[in-house]
Every structure is written in C-alpha cells, then in structure tokens.
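First the structure, in the form of structure tokens, and then the observations on it.
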Amino acid sequence: MTERHGKIPEWYNKDSKNYDAFNENTDNSRTTNSTIEKILKQHKVKTVLDLTCGTGSQVFWLAKHGYQMTGSDISPGMLNVAKRKAKKEKINVPFLLGDMRTIKVGTFDAALTIFNAVGHLTKAGFEKTMRNVCANLHDGGIYVFDIFNRSYLTHDNNITKLSIEWIRIVGDIKLREIQHSIIDYKGLLVSYTTNYEQKSSGKLKASKSVGTLQTYTAKELQEMLVRNGFKVLGQYAMDGSKFLEKETERILTVAKK
C-alpha cells in the first residue's frame with residue numbers, strides 16, 4: 001500500500017499495537033526524551049502540549065519528571081494504546097483526538113512534535129502546523145520538534161544508513177521489519193517496508209507498505225519558522241550536541257513564539 005504524501009499513514013492505526021515493540025524502550029527513545037526534558041527545564045516550562053503524542057513516549061517521560069502534560073494525536077489506534085498505558089501506570093493525562101494542523105487545546109508553555117512527525121505533512125501543511133502551534137502557546141512559549149536533515153541524507157551514501165532490519169518478540173508473536181529508503185531531488189524520503197508477523201507455530205503473515213517523509217535543511221526550517229511567528233533559539237543533534245550540517249541525521253529545533 002502506498003500512502004499519498006500529506007496524509008497521515010493508516011498503518012499508525014493498523015499497527016499501533018506493535019508500535020512500541022520497535023520504537024519504545026530503546027536507547028534512541030531515552031536519549032531523545034532526556035534531551036527534550038533538559039531543554040524544557042532550561043526554559044522553565046511547566047505545561048506541555050504534545051501534538052503528535054502517538055503511544056505517549058514523551059508524555060509519560062515528562063509527566064514522570066513533573067510536567068503537566070496534554071497529549072493529542074490524529075490516530076485513534078495510537079491514542080488507545082496511550083490511554084491503556086496511562087491507566088496501567090496510573091498517570092492522569094488527557095489524551096485528545098486531533099490534527100496537529102488544526103486542533104485548539106488552550107495555551108501552554110511548550111509544544112512538541114517529535115520523531116519526524118511533521119515529515120508526514122506537505123510543506124504547506126507544516127507551515128499551517130507552525131501557525132497552529134503558535135496559537136496553542138503562551139507569548140514566549142517554545143516549540144520543540146525534530147525532522148530528518150536533508151543535507152545529511154543527500155551527502156555521500158548516508159541514505160543507506162536508514163536501512164533497518166529489526167526482529168522483536170511480543171508475547172508469543174514474532175515480528176520482523178525490513179525497510180530501505182530513497183530520497184528525491186525535492187527532499188522527499190520514500191521508505192519501502194516489509195513486515196512479517198508469526199504467532200507461535202501459526203502461519204507467517206507478510207505485508208508491504210510505502211511511506212513518505214518530507215525532509216528539510218536547517219536553513220529552510222529557520223526561514224519557515226520566522227515566516228510563521230517564531231524566533232529560532234537553537235538547532236541541535238538529538239542528544240543535544242552541536243548540529244553539524246552534513247553529519248547530523250535529525251535536526252532538533254527549539255523556537256520561541
């Protein structure tokens with residue numbers, strides 16, 4: 001199945017039950033969440049709106065560190081997983097169904113869209129999201145997001161470093177994911193994924209999908225943010241270290257309303 005760019009992929013709903021097996025409880029996830037928490041602490045943030053919360057990685061991490069969290073996502077499947085986790089862990093966080101481009105929740109000290117979430121949008125859709133984020137922030141509030149760095153992906157053979165082959169076991173189900181990606185001259189990243197699932201000694205199930213993510217250069221992001229009501233405070237690698245144009249895979253950007 002091929003997803004039209006600008007449309008949130010349906011597999012976020014279909015495969016939501018397996019999402020955490022490949023994305024949560026990893027060094028990458030812990031590093032990202034720790035870096036975000038340090039940024040929020042530096043800016044004396046208390047209230048946070050996660051506009052693309054998914055199954056709640058940032059929400060739960062930050063709630064446990066004392067932040068007042070609100071989660072929102074366009075995928076009912078991902079939200080259902082987050083709500084079950086919140087109930088199990090006895091964490092009281094509101095989870096709302098909504099589109100990052102349009103949802104109005106209130107005003108917060110900070111807003112997040114993490115793990116390349118804005119890459120699913122067209123460039124026009126991302127700028128619309130920036131304006132909507134601005135509307136959900138207090139004056140002086142900050143917006144923290146990440147996205148793939150086009151300058152890195154198009155340098156040498158760096159695009160091949162995105163190739164993955166993962167195997168996970170969840171209960172009595174064995175999962176395997178194989179993915180490779182290409183990037184076109186407009187910076188659109190196209191990923192081809194094959195998923196395998198087998199329960200105990202049952203029949204092996206296989207499915208294929210094609211997904212897209214828009215990528216950006218650091219300068220392009222700066223220009224877009226300024227056009228839409230923000231001042232860029234800094235751009236970093238995901239561990240908070242210095243951003244290097246051709247060496248940093250994902251750009252973590254911090255901007256102020």
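Here's how to read the names in the structure tokens: chain A, B, ... by the order shown, residue numbers from 1 in each chain, ligand numbers from 1 in the order shown.
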Which of segment 25-244 of chain A DSSP labels helix (DSSP H, G or I), written as a short mmCIF file (atom, residue, chain, number, x, y, z; two decimals) with N, CA and C atoms, in the first residue's frame:
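So the final result, stored in states02.cif, reads:
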data_model
loop_
_atom_site.label_atom_id
_atom_site.label_comp_id
_atom_site.auth_asym_id
_atom_site.auth_seq_id
_atom_site.Cartn_x
_atom_site.Cartn_y
_atom_site.Cartn_z
N ASP A 27 17.51 2.90 23.32
CA ASP A 27 18.45 3.96 23.67
C ASP A 27 18.10 5.25 22.94
N ASN A 28 17.65 5.13 21.68
CA ASN A 28 17.29 6.30 20.89
C ASN A 28 16.14 7.06 21.54
N SER A 29 15.12 6.34 21.98
CA SER A 29 13.97 6.96 22.62
C SER A 29 14.36 7.63 23.93
N ARG A 30 15.15 6.96 24.73
CA ARG A 30 15.56 7.52 26.03
C ARG A 30 16.42 8.77 25.84
N THR A 31 17.32 8.74 24.86
CA THR A 31 18.17 9.90 24.59
C THR A 31 17.33 11.10 24.16
N THR A 32 16.39 10.87 23.25
CA THR A 32 15.52 11.94 22.78
C THR A 32 14.73 12.55 23.93
N ASN A 33 14.11 11.72 24.74
CA ASN A 33 13.27 12.21 25.83
C ASN A 33 14.10 12.96 26.87
N SER A 34 15.28 12.47 27.16
CA SER A 34 16.14 13.12 28.13
C SER A 34 16.57 14.51 27.63
N THR A 35 16.89 14.60 26.35
CA THR A 35 17.30 15.88 25.76
C THR A 35 16.16 16.89 25.81
N ILE A 36 14.96 16.44 25.46
CA ILE A 36 13.79 17.33 25.49
C ILE A 36 13.54 17.84 26.91
N GLU A 37 13.65 16.94 27.89
CA GLU A 37 13.41 17.34 29.28
C GLU A 37 14.40 18.40 29.72
N LYS A 38 15.64 18.28 29.31
CA LYS A 38 16.66 19.27 29.66
C LYS A 38 16.35 20.62 29.03
N ILE A 39 15.86 20.61 27.80
CA ILE A 39 15.50 21.86 27.11
C ILE A 39 14.33 22.53 27.84
N LEU A 40 13.31 21.75 28.18
CA LEU A 40 12.15 22.32 28.87
C LEU A 40 12.53 22.88 30.23
N LYS A 41 13.41 22.20 30.93
CA LYS A 41 13.87 22.67 32.24
C LYS A 41 14.62 23.98 32.10
N GLN A 42 15.45 24.07 31.08
CA GLN A 42 16.23 25.28 30.83
C GLN A 42 15.32 26.50 30.63
N SER A 57 5.29 8.31 24.32
CA SER A 57 6.67 8.25 24.78
C SER A 57 7.09 9.52 25.53
N GLN A 58 6.95 10.69 24.89
CA GLN A 58 7.34 11.94 25.53
C GLN A 58 6.39 12.30 26.68
N VAL A 59 5.10 12.03 26.48
CA VAL A 59 4.11 12.37 27.51
C VAL A 59 4.43 11.69 28.83
N PHE A 60 4.66 10.38 28.81
CA PHE A 60 4.89 9.65 30.05
C PHE A 60 6.24 10.02 30.67
N TRP A 61 7.26 10.15 29.85
CA TRP A 61 8.58 10.53 30.36
C TRP A 61 8.51 11.87 31.09
N LEU A 62 7.89 12.86 30.44
CA LEU A 62 7.84 14.20 31.01
C LEU A 62 6.88 14.29 32.20
N ALA A 63 5.78 13.54 32.15
CA ALA A 63 4.86 13.53 33.28
C ALA A 63 5.56 13.01 34.53
N LYS A 64 6.40 12.00 34.35
CA LYS A 64 7.14 11.42 35.48
C LYS A 64 8.22 12.37 36.00
N PRO A 76 -6.50 7.27 16.20
CA PRO A 76 -7.24 6.67 17.31
C PRO A 76 -6.55 5.43 17.87
N GLY A 77 -5.92 4.65 17.00
CA GLY A 77 -5.24 3.43 17.45
C GLY A 77 -4.09 3.74 18.38
N MET A 78 -3.28 4.72 18.03
CA MET A 78 -2.15 5.10 18.88
C MET A 78 -2.63 5.68 20.20
N LEU A 79 -3.70 6.47 20.15
CA LEU A 79 -4.25 7.05 21.38
C LEU A 79 -4.80 5.97 22.31
N ASN A 80 -5.41 4.96 21.74
CA ASN A 80 -5.94 3.87 22.57
C ASN A 80 -4.82 3.16 23.32
N VAL A 81 -3.67 2.97 22.66
CA VAL A 81 -2.53 2.36 23.33
C VAL A 81 -2.05 3.27 24.46
N ALA A 82 -1.97 4.58 24.19
CA ALA A 82 -1.52 5.54 25.20
C ALA A 82 -2.45 5.55 26.40
N LYS A 83 -3.75 5.50 26.15
CA LYS A 83 -4.72 5.52 27.25
C LYS A 83 -4.63 4.27 28.11
N ARG A 84 -4.40 3.12 27.47
CA ARG A 84 -4.24 1.87 28.24
C ARG A 84 -2.98 1.93 29.10
N LYS A 85 -1.92 2.48 28.56
CA LYS A 85 -0.67 2.61 29.32
C LYS A 85 -0.86 3.57 30.50
N ALA A 86 -1.58 4.67 30.27
CA ALA A 86 -1.82 5.64 31.34
C ALA A 86 -2.61 5.02 32.47
N LYS A 87 -3.61 4.22 32.11
CA LYS A 87 -4.44 3.55 33.13
C LYS A 87 -3.60 2.54 33.92
N LYS A 88 -2.77 1.79 33.20
CA LYS A 88 -1.94 0.77 33.84
C LYS A 88 -0.92 1.41 34.79
N GLU A 89 -0.34 2.53 34.36
CA GLU A 89 0.70 3.19 35.16
C GLU A 89 0.11 4.23 36.13
N ALA A 117 7.46 13.58 13.04
CA ALA A 117 6.01 13.62 12.83
C ALA A 117 5.61 14.62 11.76
N VAL A 118 6.26 15.79 11.73
CA VAL A 118 5.88 16.81 10.76
C VAL A 118 6.30 16.43 9.34
N GLY A 119 7.16 15.43 9.20
CA GLY A 119 7.58 14.98 7.88
C GLY A 119 6.46 14.37 7.06
N HIS A 120 5.39 13.92 7.73
CA HIS A 120 4.25 13.36 7.01
C HIS A 120 3.46 14.44 6.28
N LYS A 123 4.86 20.69 2.73
CA LYS A 123 5.48 21.91 3.26
C LYS A 123 4.42 22.93 3.67
N ALA A 124 3.36 23.05 2.87
CA ALA A 124 2.27 23.97 3.22
C ALA A 124 1.58 23.50 4.50
N GLY A 125 1.42 22.19 4.65
CA GLY A 125 0.80 21.63 5.84
C GLY A 125 1.64 21.87 7.08
N PHE A 126 2.97 21.84 6.93
CA PHE A 126 3.86 22.09 8.06
C PHE A 126 3.78 23.56 8.48
N GLU A 127 3.72 24.45 7.51
CA GLU A 127 3.61 25.87 7.85
C GLU A 127 2.27 26.15 8.54
N LYS A 128 1.22 25.47 8.11
CA LYS A 128 -0.07 25.60 8.79
C LYS A 128 0.04 25.10 10.23
N THR A 129 0.78 24.00 10.42
CA THR A 129 1.02 23.47 11.76
C THR A 129 1.77 24.47 12.62
N MET A 130 2.78 25.11 12.05
CA MET A 130 3.54 26.12 12.81
C MET A 130 2.62 27.22 13.33
N ARG A 131 1.71 27.68 12.48
CA ARG A 131 0.79 28.74 12.90
C ARG A 131 -0.16 28.24 13.98
N ASN A 132 -0.57 26.97 13.86
CA ASN A 132 -1.46 26.40 14.87
C ASN A 132 -0.74 26.18 16.19
N VAL A 133 0.51 25.74 16.12
CA VAL A 133 1.32 25.60 17.34
C VAL A 133 1.41 26.95 18.04
N CYS A 134 1.66 27.98 17.25
CA CYS A 134 1.76 29.34 17.79
C CYS A 134 0.49 29.71 18.56
N ALA A 135 -0.66 29.32 18.01
CA ALA A 135 -1.95 29.65 18.64
C ALA A 135 -2.16 28.88 19.94
N ARG A 150 17.98 17.01 5.47
CA ARG A 150 18.20 16.69 4.06
C ARG A 150 19.68 16.79 3.68
N SER A 151 20.40 17.74 4.27
CA SER A 151 21.82 17.89 3.93
C SER A 151 22.61 16.65 4.31
N TYR A 152 22.21 15.99 5.39
CA TYR A 152 22.87 14.74 5.81
C TYR A 152 22.49 13.60 4.87
N LEU A 153 21.20 13.45 4.59
CA LEU A 153 20.72 12.31 3.81
C LEU A 153 21.24 12.30 2.37
N ASN A 158 24.87 8.42 2.91
CA ASN A 158 24.20 8.42 4.20
C ASN A 158 22.79 7.87 4.16
N ILE A 159 22.13 7.97 3.02
CA ILE A 159 20.75 7.46 2.92
C ILE A 159 20.70 5.96 3.22
N THR A 160 21.77 5.25 2.93
CA THR A 160 21.78 3.80 3.17
C THR A 160 21.81 3.47 4.66
N LYS A 161 22.21 4.43 5.50
CA LYS A 161 22.26 4.21 6.94
C LYS A 161 20.87 4.14 7.57
N LEU A 162 19.85 4.53 6.79
CA LEU A 162 18.48 4.43 7.29
C LEU A 162 17.89 3.04 7.11
N ALA A 218 18.51 22.78 7.67
CA ALA A 218 18.39 23.63 8.86
C ALA A 218 17.99 25.05 8.47
N LYS A 219 18.57 25.57 7.41
CA LYS A 219 18.26 26.94 6.98
C LYS A 219 16.80 27.06 6.53
N GLU A 220 16.32 26.05 5.83
CA GLU A 220 14.93 26.06 5.37
C GLU A 220 13.97 26.12 6.56
N LEU A 221 14.25 25.35 7.60
CA LEU A 221 13.42 25.37 8.80
C LEU A 221 13.44 26.75 9.46
N GLN A 222 14.61 27.35 9.54
CA GLN A 222 14.73 28.68 10.14
C GLN A 222 13.84 29.68 9.41
N GLU A 223 13.89 29.66 8.09
CA GLU A 223 13.11 30.61 7.29
C GLU A 223 11.61 30.38 7.47
N MET A 224 11.19 29.12 7.51
CA MET A 224 9.77 28.80 7.69
C MET A 224 9.26 29.26 9.05
N LEU A 225 10.05 29.03 10.08
CA LEU A 225 9.64 29.41 11.44
C LEU A 225 9.49 30.92 11.57
N VAL A 226 10.44 31.67 11.03
CA VAL A 226 10.38 33.14 11.11
C VAL A 226 9.13 33.66 10.37
N ARG A 227 8.81 33.05 9.22
CA ARG A 227 7.63 33.46 8.47
C ARG A 227 6.33 33.25 9.25
#
Hey, what's within 8 Å of Ile114 of chain A if we count only C-alpha atoms and toss same-chain stuff fewer than 6 positions away? As a CSV table (one decimal) with N, CA, C and O atoms, in the first residue's frame, please?
chain,number,residue,atom,x,y,z
A,52,THR,N,1.6,15.4,18.7
A,52,THR,CA,1.8,14.1,17.9
A,52,THR,C,2.3,13.1,18.9
A,52,THR,O,3.3,12.5,18.7
A,53,CYS,N,1.5,12.8,20.0
A,53,CYS,CA,1.9,12.0,21.1
A,53,CYS,C,2.1,10.6,20.8
A,53,CYS,O,2.8,9.8,21.5
A,144,VAL,N,9.3,22.7,20.2
A,144,VAL,CA,10.4,21.8,20.1
A,144,VAL,C,10.0,20.7,19.1
A,144,VAL,O,9.0,20.0,19.4
A,145,PHE,N,10.7,20.5,18.1
A,145,PHE,CA,10.4,19.4,17.1
A,145,PHE,C,11.7,18.9,16.4
A,145,PHE,O,12.7,19.5,16.5
A,146,ASP,N,11.6,17.7,15.8
A,146,ASP,CA,12.7,17.2,15.1
A,146,ASP,C,12.2,16.8,13.7
A,146,ASP,O,11.0,16.5,13.4
A,147,ILE,N,13.2,16.7,12.8
A,147,ILE,CA,12.9,16.2,11.4
A,147,ILE,C,14.2,15.8,10.8
A,147,ILE,O,15.3,16.2,11.2
Problem - Shell of 8 Å around Leu96 of chain A, only C-alpha atoms, local chain residues under 5 positions omitted, as a VMD selection string - result: chain A and resid 70 to 73 79
Exercise for the section: Just the residues within 7 Å of Lys199 of chain A, please, counting only C-alpha atoms, with nothing from its chain fewer than 2 positions along; format it as a count of residues only. Expected result: 6
Exercise for the section: Name all residues at most 9 Å from Lys186 of chain A (count only C-alpha atoms; drop same-chain ones fewer than 3 positions away) and give them as a PyMOL selection string. Expected result: chain A and resi 183+189+214-215
Output C-alpha atoms of each residue in that selection to a file, as a PDB file, in the first residue's frame.
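Full text of again-v8.pdb as output:
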ATOM      1  CA  ILE A 183      15.333  10.393  -1.409  1.00  0.00           C
ATOM      2  CA  LEU A 189      12.146  10.494   1.610  1.00  0.00           C
ATOM      3  CA  GLN A 214       9.399  15.446   3.743  1.00  0.00           C
ATOM      4  CA  THR A 215      12.935  16.413   4.804  1.00  0.00           C
TER       5      THR A 215
END
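The list of residues with at least one atom within 9 Å of Tyr196 of chain A, based on only C-alpha atoms and without residues fewer than 6 positions apart in the same chain, reads A:Lys174, A:Leu175, A:Arg176, A:Glu177, A:Ile178, A:Leu204, A:Lys205, A:Ala206, A:Ser207.
Picture a line from atom CA of Ser75 of chain A to atom CA of His138 of chain A; it runs 26.2 Å.
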Practice task
Would you kindly return, as a PyMOL selection string, each protein, DNA or RNA residue with an atom no farther than 10 Å from any atom of Ser241 of chain A, considering only C-alpha atoms and excluding same-chain residues fewer than 6 positions away?
Solution key: chain A and resi 35+235+248+252
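In terms of minimum interatomic distance to His43 of chain A, A:Ile142 ranks closest within A:Ile169, A:Ile142, A:Tyr185, A:Thr193, counting only C-alpha atoms.
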Mind checking DSSP for segment 18-111 of chain A and telling me the strand (DSSP E) residues as an mmCIF file with all heavy atoms, in the first residue's frame?
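Written out: states_5.cif:
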data_model
loop_
_atom_site.group_PDB
_atom_site.id
_atom_site.type_symbol
_atom_site.label_atom_id
_atom_site.label_comp_id
_atom_site.auth_asym_id
_atom_site.auth_seq_id
_atom_site.Cartn_x
_atom_site.Cartn_y
_atom_site.Cartn_z
ATOM 1 N N THR A 47 3.870 23.566 31.622
ATOM 2 C CA THR A 47 2.781 22.913 30.897
ATOM 3 C C THR A 47 3.207 22.609 29.464
ATOM 4 O O THR A 47 3.824 23.448 28.796
ATOM 5 C CB THR A 47 1.519 23.798 30.882
ATOM 6 O OG1 THR A 47 1.818 25.055 30.237
ATOM 7 C CG2 THR A 47 1.037 24.068 32.306
ATOM 8 N N VAL A 48 2.873 21.402 28.985
ATOM 9 C CA VAL A 48 3.346 20.953 27.671
ATOM 10 C C VAL A 48 2.202 20.303 26.889
ATOM 11 O O VAL A 48 1.484 19.447 27.415
ATOM 12 C CB VAL A 48 4.495 19.935 27.806
ATOM 13 C CG1 VAL A 48 5.020 19.533 26.429
ATOM 14 C CG2 VAL A 48 5.620 20.477 28.677
ATOM 15 N N LEU A 49 2.068 20.684 25.627
ATOM 16 C CA LEU A 49 1.138 20.045 24.705
ATOM 17 C C LEU A 49 1.937 19.248 23.687
ATOM 18 O O LEU A 49 2.744 19.808 22.939
ATOM 19 C CB LEU A 49 0.288 21.095 23.980
ATOM 20 C CG LEU A 49 -0.587 20.595 22.828
ATOM 21 C CD1 LEU A 49 -1.631 19.587 23.330
ATOM 22 C CD2 LEU A 49 -1.273 21.758 22.109
ATOM 23 N N ASP A 50 1.735 17.927 23.679
ATOM 24 C CA ASP A 50 2.357 17.062 22.680
ATOM 25 C C ASP A 50 1.326 16.819 21.590
ATOM 26 O O ASP A 50 0.372 16.071 21.766
ATOM 27 C CB ASP A 50 2.795 15.749 23.321
ATOM 28 C CG ASP A 50 3.621 14.884 22.374
ATOM 29 O OD1 ASP A 50 3.559 15.123 21.146
ATOM 30 O OD2 ASP A 50 4.313 13.976 22.849
ATOM 31 N N GLN A 68 3.200 19.119 33.536
ATOM 32 C CA GLN A 68 1.766 18.956 33.331
ATOM 33 C C GLN A 68 1.529 18.723 31.840
ATOM 34 O O GLN A 68 1.674 19.633 31.033
ATOM 35 C CB GLN A 68 1.008 20.200 33.803
ATOM 36 C CG GLN A 68 -0.507 20.073 33.705
ATOM 37 C CD GLN A 68 -1.213 21.318 34.190
ATOM 38 O OE1 GLN A 68 -0.710 22.041 35.060
ATOM 39 N NE2 GLN A 68 -2.382 21.599 33.624
ATOM 40 N N MET A 69 1.153 17.498 31.492
ATOM 41 C CA MET A 69 1.118 17.091 30.097
ATOM 42 C C MET A 69 -0.298 16.978 29.539
ATOM 43 O O MET A 69 -1.229 16.584 30.242
ATOM 44 C CB MET A 69 1.802 15.721 29.938
ATOM 45 C CG MET A 69 3.253 15.691 30.382
ATOM 46 S SD MET A 69 4.308 16.825 29.443
ATOM 47 C CE MET A 69 4.081 16.199 27.759
ATOM 48 N N THR A 70 -0.418 17.291 28.248
ATOM 49 C CA THR A 70 -1.620 17.003 27.467
ATOM 50 C C THR A 70 -1.165 16.373 26.162
ATOM 51 O O THR A 70 -0.259 16.901 25.494
ATOM 52 C CB THR A 70 -2.422 18.283 27.167
ATOM 53 O OG1 THR A 70 -2.848 18.875 28.391
ATOM 54 C CG2 THR A 70 -3.653 17.961 26.312
ATOM 55 N N GLY A 71 -1.753 15.240 25.814
ATOM 56 C CA GLY A 71 -1.379 14.549 24.587
ATOM 57 C C GLY A 71 -2.475 14.623 23.540
ATOM 58 O O GLY A 71 -3.660 14.558 23.865
ATOM 59 N N SER A 72 -2.060 14.759 22.297
ATOM 60 C CA SER A 72 -3.003 14.783 21.180
ATOM 61 C C SER A 72 -2.401 14.025 20.011
ATOM 62 O O SER A 72 -1.183 14.035 19.806
ATOM 63 C CB SER A 72 -3.304 16.229 20.776
ATOM 64 O OG SER A 72 -4.034 16.288 19.570
ATOM 65 N N ASP A 73 -3.247 13.349 19.242
ATOM 66 C CA ASP A 73 -2.765 12.636 18.060
ATOM 67 C C ASP A 73 -3.919 12.432 17.092
ATOM 68 O O ASP A 73 -5.092 12.400 17.503
ATOM 69 C CB ASP A 73 -2.156 11.282 18.444
ATOM 70 C CG ASP A 73 -1.191 10.774 17.379
ATOM 71 O OD1 ASP A 73 -1.653 10.147 16.410
ATOM 72 O OD2 ASP A 73 0.022 11.026 17.516
ATOM 73 N N PHE A 95 -5.750 12.621 26.874
ATOM 74 C CA PHE A 95 -5.345 12.290 25.513
ATOM 75 C C PHE A 95 -6.489 12.646 24.571
ATOM 76 O O PHE A 95 -7.603 12.132 24.725
ATOM 77 C CB PHE A 95 -4.987 10.804 25.391
ATOM 78 C CG PHE A 95 -3.675 10.444 26.018
ATOM 79 C CD1 PHE A 95 -3.632 9.834 27.263
ATOM 80 C CD2 PHE A 95 -2.483 10.728 25.372
ATOM 81 C CE1 PHE A 95 -2.422 9.496 27.854
ATOM 82 C CE2 PHE A 95 -1.267 10.402 25.956
ATOM 83 C CZ PHE A 95 -1.229 9.789 27.198
ATOM 84 N N LEU A 96 -6.215 13.508 23.602
ATOM 85 C CA LEU A 96 -7.242 14.063 22.731
ATOM 86 C C LEU A 96 -7.007 13.657 21.276
ATOM 87 O O LEU A 96 -5.861 13.601 20.819
ATOM 88 C CB LEU A 96 -7.240 15.589 22.823
ATOM 89 C CG LEU A 96 -7.256 16.189 24.236
ATOM 90 C CD1 LEU A 96 -7.065 17.697 24.160
ATOM 91 C CD2 LEU A 96 -8.546 15.830 24.952
ATOM 92 N N LEU A 97 -8.085 13.378 20.568
ATOM 93 C CA LEU A 97 -8.005 13.085 19.143
ATOM 94 C C LEU A 97 -7.986 14.400 18.382
ATOM 95 O O LEU A 97 -8.892 15.222 18.524
ATOM 96 C CB LEU A 97 -9.203 12.240 18.700
ATOM 97 C CG LEU A 97 -9.246 11.828 17.227
ATOM 98 C CD1 LEU A 97 -8.097 10.900 16.898
ATOM 99 C CD2 LEU A 97 -10.577 11.166 16.905
ATOM 100 N N PHE A 108 -0.114 26.889 26.265
ATOM 101 C CA PHE A 108 0.865 26.105 27.017
ATOM 102 C C PHE A 108 2.216 26.810 27.002
ATOM 103 O O PHE A 108 2.473 27.682 26.170
ATOM 104 C CB PHE A 108 0.999 24.707 26.418
ATOM 105 C CG PHE A 108 -0.267 23.894 26.482
ATOM 106 C CD1 PHE A 108 -1.302 24.097 25.576
ATOM 107 C CD2 PHE A 108 -0.417 22.913 27.453
ATOM 108 C CE1 PHE A 108 -2.468 23.345 25.638
ATOM 109 C CE2 PHE A 108 -1.570 22.152 27.527
ATOM 110 C CZ PHE A 108 -2.601 22.365 26.619
ATOM 111 N N ASP A 109 3.091 26.363 27.900
ATOM 112 C CA ASP A 109 4.459 26.887 27.933
ATOM 113 C C ASP A 109 5.295 26.312 26.795
ATOM 114 O O ASP A 109 6.259 26.931 26.358
ATOM 115 C CB ASP A 109 5.142 26.524 29.259
ATOM 116 C CG ASP A 109 4.457 27.127 30.468
ATOM 117 O OD1 ASP A 109 3.821 28.194 30.333
ATOM 118 O OD2 ASP A 109 4.559 26.521 31.554
ATOM 119 N N ALA A 110 4.944 25.093 26.365
ATOM 120 C CA ALA A 110 5.717 24.440 25.306
ATOM 121 C C ALA A 110 4.832 23.505 24.501
ATOM 122 O O ALA A 110 3.825 22.994 25.005
ATOM 123 C CB ALA A 110 6.890 23.654 25.900
ATOM 124 N N ALA A 111 5.209 23.294 23.251
ATOM 125 C CA ALA A 111 4.525 22.338 22.373
ATOM 126 C C ALA A 111 5.576 21.463 21.703
ATOM 127 O O ALA A 111 6.690 21.912 21.410
ATOM 128 C CB ALA A 111 3.695 23.064 21.325
#
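Closest approach to Thr154 of chain A among A:Leu188, A:Val105, A:Leu112, A:Val170 is made by A:Leu188 (distances from only C-alpha atoms).
Between Gly211 of chain A and the residues A:Lys231, A:Lys46, A:His180, A:Lys90, the shortest atom-to-atom distance, using only C-alpha atoms, involves A:His180.
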